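The file my_file.cif comes next; it holds mmCIF, C-alpha atoms.
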data_input
#
loop_
_atom_site.label_atom_id
_atom_site.label_comp_id
_atom_site.auth_asym_id
_atom_site.auth_seq_id
_atom_site.Cartn_x
_atom_site.Cartn_y
_atom_site.Cartn_z
CA MET A 216 0.00 0.00 0.00
CA ALA A 217 1.11 3.57 -0.65
CA THR A 218 1.96 5.92 2.20
CA MET A 219 1.91 9.59 3.06
CA THR A 220 3.54 11.55 5.84
CA VAL A 221 1.10 13.68 7.79
CA VAL A 222 2.28 16.49 10.02
CA ASP A 223 -0.36 17.16 12.67
CA ARG A 224 -1.13 20.57 14.18
CA ASP A 225 1.40 19.92 16.95
CA GLY A 226 4.17 19.39 14.40
CA LYS A 227 4.42 15.63 14.95
CA GLU A 228 4.93 13.50 11.83
CA HIS A 229 2.94 10.32 11.22
CA GLU A 230 3.43 7.87 8.38
CA VAL A 231 0.05 6.53 7.31
CA GLU A 232 -1.12 4.08 4.69
CA ALA A 233 -3.28 5.58 1.99
CA LYS A 234 -5.32 3.89 -0.69
CA PRO A 235 -4.79 5.29 -4.18
CA GLY A 236 -8.01 6.61 -5.67
CA LEU A 237 -9.18 8.28 -2.47
CA LYS A 238 -9.07 12.01 -1.91
CA ILE A 239 -6.38 13.00 0.59
CA MET A 240 -9.20 14.36 2.76
CA GLU A 241 -10.73 10.88 2.99
CA VAL A 242 -7.50 9.55 4.47
CA LEU A 243 -7.01 12.48 6.84
CA ARG A 244 -10.52 12.60 8.30
CA GLU A 245 -10.14 9.03 9.60
CA LEU A 246 -7.17 10.04 11.77
CA ASP A 247 -7.56 11.27 15.35
CA TYR A 248 -5.34 14.23 14.46
CA GLY A 249 -6.78 14.70 10.97
CA VAL A 250 -9.08 17.26 9.42
CA ALA A 251 -12.73 18.02 10.20
CA ALA A 252 -13.91 17.95 6.56
CA ILE A 253 -17.32 19.25 7.60
CA CYS A 254 -18.74 19.51 4.06
CA GLY A 255 -17.69 15.96 3.21
CA GLY A 256 -15.62 16.92 0.20
CA LEU A 257 -17.92 19.37 -1.56
CA CYS A 258 -15.32 22.17 -1.63
CA SER A 259 -17.52 24.47 0.41
CA CYS A 260 -16.00 24.80 3.89
CA ALA A 261 -12.16 24.74 3.85
CA THR A 262 -11.99 22.60 7.03
CA CYS A 263 -9.68 20.22 5.16
CA HIS A 264 -7.02 22.86 4.45
CA VAL A 265 -3.50 21.42 4.22
CA PHE A 266 -0.05 22.57 3.18
CA ILE A 267 1.71 20.57 0.48
CA GLU A 268 5.31 21.59 0.01
CA GLU A 269 7.57 21.18 -3.00
CA PRO A 270 8.35 19.04 -4.81
CA TRP A 271 4.89 17.53 -4.27
CA SER A 272 2.77 20.61 -4.84
CA SER A 273 4.05 21.09 -8.38
CA ARG A 274 3.07 17.49 -9.21
CA LEU A 275 -0.58 18.17 -8.48
CA PRO A 276 -3.18 19.55 -10.86
CA LYS A 277 -3.69 23.28 -10.36
CA PRO A 278 -6.56 24.24 -8.03
CA GLN A 279 -9.84 25.16 -9.68
CA SER A 280 -11.40 28.60 -9.16
CA ASP A 281 -13.85 27.51 -6.42
CA GLU A 282 -11.00 25.98 -4.39
CA LEU A 283 -8.83 29.08 -4.86
CA GLU A 284 -11.67 31.33 -3.78
CA LEU A 285 -12.02 29.48 -0.46
CA LEU A 286 -8.28 29.22 0.11
CA ARG A 287 -7.59 32.92 -0.47
CA GLU A 288 -10.03 33.82 2.31
CA LEU A 289 -8.08 31.81 4.91
CA PRO A 290 -5.72 33.66 7.26
CA ASP A 291 -3.06 30.95 6.86
CA TYR A 292 -3.23 30.76 3.06
CA ARG A 293 0.11 30.03 1.37
CA GLU A 294 0.03 30.59 -2.37
CA SER A 295 2.30 27.73 -3.38
CA ALA A 296 1.41 25.22 -0.64
CA SER A 297 -2.25 25.58 0.41
CA ARG A 298 -4.76 23.08 -0.91
CA LEU A 299 -8.12 21.71 0.12
CA SER A 300 -7.42 18.04 0.65
CA CYS A 301 -10.90 17.18 -0.65
CA GLN A 302 -9.77 18.37 -4.08
CA VAL A 303 -6.56 16.30 -4.28
CA GLU A 304 -6.77 12.68 -5.34
CA PHE A 305 -4.13 10.43 -3.82
CA THR A 306 -2.43 8.34 -6.48
CA GLU A 307 0.34 5.76 -6.44
CA ALA A 308 2.62 8.45 -7.92
CA LEU A 309 2.04 10.52 -4.77
CA SER A 310 3.24 7.77 -2.42
CA GLY A 311 5.56 9.47 0.05
CA ILE A 312 3.87 12.89 -0.16
CA LYS A 313 4.21 15.07 2.94
CA VAL A 314 1.05 16.89 3.99
CA ALA A 315 0.85 19.31 6.91
CA ILE A 316 -2.56 19.99 8.41
CA ALA A 317 -3.21 23.74 8.48
CA PRO A 318 -4.09 25.50 11.74
CA ASP A 319 -7.75 25.25 12.75
CA THR A 320 -9.36 28.56 11.92
#
Show me this structure written as structure tokens.
Amino acid sequence: MATMTVVDRDGKEHEVEAKPGLKIMEVLRELDYGVAAICGGLCSCATCHVFIEEPWSSRLPKPQSDELELLRELPDYRESASRLSCQVEFTEALSGIKVAIAPDT
């Protein structure tokens, strides 16, 4: 199975198994230290905000306008790293990705 490294809000790193084909949000919301994902992946709440650093962020499809609109309203928005994890599909090619959960706003 593929893996991802998740940095929780306390800065602790966790290596977790992730099934390709799921949204990153679906993996994170099952963790005790994961994301709230209140809207269930509908790209309407931003409670699944994460930071994805290089080189991983450049391997992802660019965010769509609705995702960017939500992200730009967040106080912790980082132009090159912020993503809504509900909009990022985890693939085998992303095995090893490092995702930091954004502060709870």
| request: Find the spatial neighbours of region 286-303 of chain A, counting all atoms listed in the file, within a cut-off of 12 Å - ignore same-chain residues fewer than 4 positions away - and output them as a VMD selection string. | output: chain A and resid 221 235 to 244 249 to 282 309 312 to 320
Please, could you write that set of residues out with C-alpha atoms as a JSON list (two decimals), in the coordinates of the input?
[["chain", "number", "residue", "atom", "x", "y", "z"],
["A", 221, "VAL", "CA", 1.10, 13.68, 7.79],
["A", 235, "PRO", "CA", -4.79, 5.29, -4.18],
["A", 236, "GLY", "CA", -8.01, 6.61, -5.67],
["A", 237, "LEU", "CA", -9.18, 8.28, -2.47],
["A", 238, "LYS", "CA", -9.07, 12.01, -1.91],
["A", 239, "ILE", "CA", -6.38, 13.00, 0.59],
["A", 240, "MET", "CA", -9.20, 14.36, 2.76],
["A", 241, "GLU", "CA", -10.73, 10.88, 2.99],
["A", 242, "VAL", "CA", -7.50, 9.55, 4.47],
["A", 243, "LEU", "CA", -7.01, 12.48, 6.84],
["A", 244, "ARG", "CA", -10.52, 12.60, 8.30],
["A", 249, "GLY", "CA", -6.78, 14.70, 10.97],
["A", 250, "VAL", "CA", -9.08, 17.26, 9.42],
["A", 251, "ALA", "CA", -12.73, 18.02, 10.20],
["A", 252, "ALA", "CA", -13.91, 17.95, 6.56],
["A", 253, "ILE", "CA", -17.32, 19.25, 7.60],
["A", 254, "CYS", "CA", -18.74, 19.51, 4.06],
["A", 255, "GLY", "CA", -17.69, 15.96, 3.21],
["A", 256, "GLY", "CA", -15.62, 16.92, 0.20],
["A", 257, "LEU", "CA", -17.92, 19.37, -1.56],
["A", 258, "CYS", "CA", -15.32, 22.17, -1.63],
["A", 259, "SER", "CA", -17.52, 24.47, 0.41],
["A", 260, "CYS", "CA", -16.00, 24.80, 3.89],
["A", 261, "ALA", "CA", -12.16, 24.74, 3.85],
["A", 262, "THR", "CA", -11.99, 22.60, 7.03],
["A", 263, "CYS", "CA", -9.68, 20.22, 5.16],
["A", 264, "HIS", "CA", -7.02, 22.86, 4.45],
["A", 265, "VAL", "CA", -3.50, 21.42, 4.22],
["A", 266, "PHE", "CA", -0.05, 22.57, 3.18],
["A", 267, "ILE", "CA", 1.71, 20.57, 0.48],
["A", 268, "GLU", "CA", 5.31, 21.59, 0.01],
["A", 269, "GLU", "CA", 7.57, 21.18, -3.00],
["A", 270, "PRO", "CA", 8.35, 19.04, -4.81],
["A", 271, "TRP", "CA", 4.89, 17.53, -4.27],
["A", 272, "SER", "CA", 2.77, 20.61, -4.84],
["A", 273, "SER", "CA", 4.05, 21.09, -8.38],
["A", 274, "ARG", "CA", 3.07, 17.49, -9.21],
["A", 275, "LEU", "CA", -0.58, 18.17, -8.48],
["A", 276, "PRO", "CA", -3.18, 19.55, -10.86],
["A", 277, "LYS", "CA", -3.69, 23.28, -10.36],
["A", 278, "PRO", "CA", -6.56, 24.24, -8.03],
["A", 279, "GLN", "CA", -9.84, 25.16, -9.68],
["A", 280, "SER", "CA", -11.40, 28.60, -9.16],
["A", 281, "ASP", "CA", -13.85, 27.51, -6.42],
["A", 282, "GLU", "CA", -11.00, 25.98, -4.39],
["A", 309, "LEU", "CA", 2.04, 10.52, -4.77],
["A", 312, "ILE", "CA", 3.87, 12.89, -0.16],
["A", 313, "LYS", "CA", 4.21, 15.07, 2.94],
["A", 314, "VAL", "CA", 1.05, 16.89, 3.99],
["A", 315, "ALA", "CA", 0.85, 19.31, 6.91],
["A", 316, "ILE", "CA", -2.56, 19.99, 8.41],
["A", 317, "ALA", "CA", -3.21, 23.74, 8.48],
["A", 318, "PRO", "CA", -4.09, 25.50, 11.74],
["A", 319, "ASP", "CA", -7.75, 25.25, 12.75],
["A", 320, "THR", "CA", -9.36, 28.56, 11.92]]
re CA of Tyr248 (chain A) and CA of Glu228 (chain A): distance 10.6 Å
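One finds CA of Phe305 (chain A) at 7.6 Å from CA of Ala233 (chain A).
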Around all of region 263-267 of chain A's listed atoms, make the axis-aligned box with 8 Å on each side and tell me centre and edge lengths in Å to one decimal, as AutoDock Vina command-line options.
--center_x -4.0 --center_y 21.5 --center_z 2.8 --size_x 27.4 --size_y 18.6 --size_z 20.7
- When you draw a straight line from CA of Glu284 (chain A) to CA of Arg224 (chain A), how long is it in Å?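 Computing the Euclidean distance for CA of Glu284 (chain A) and CA of Arg224 (chain A) yields 23.4 Å.
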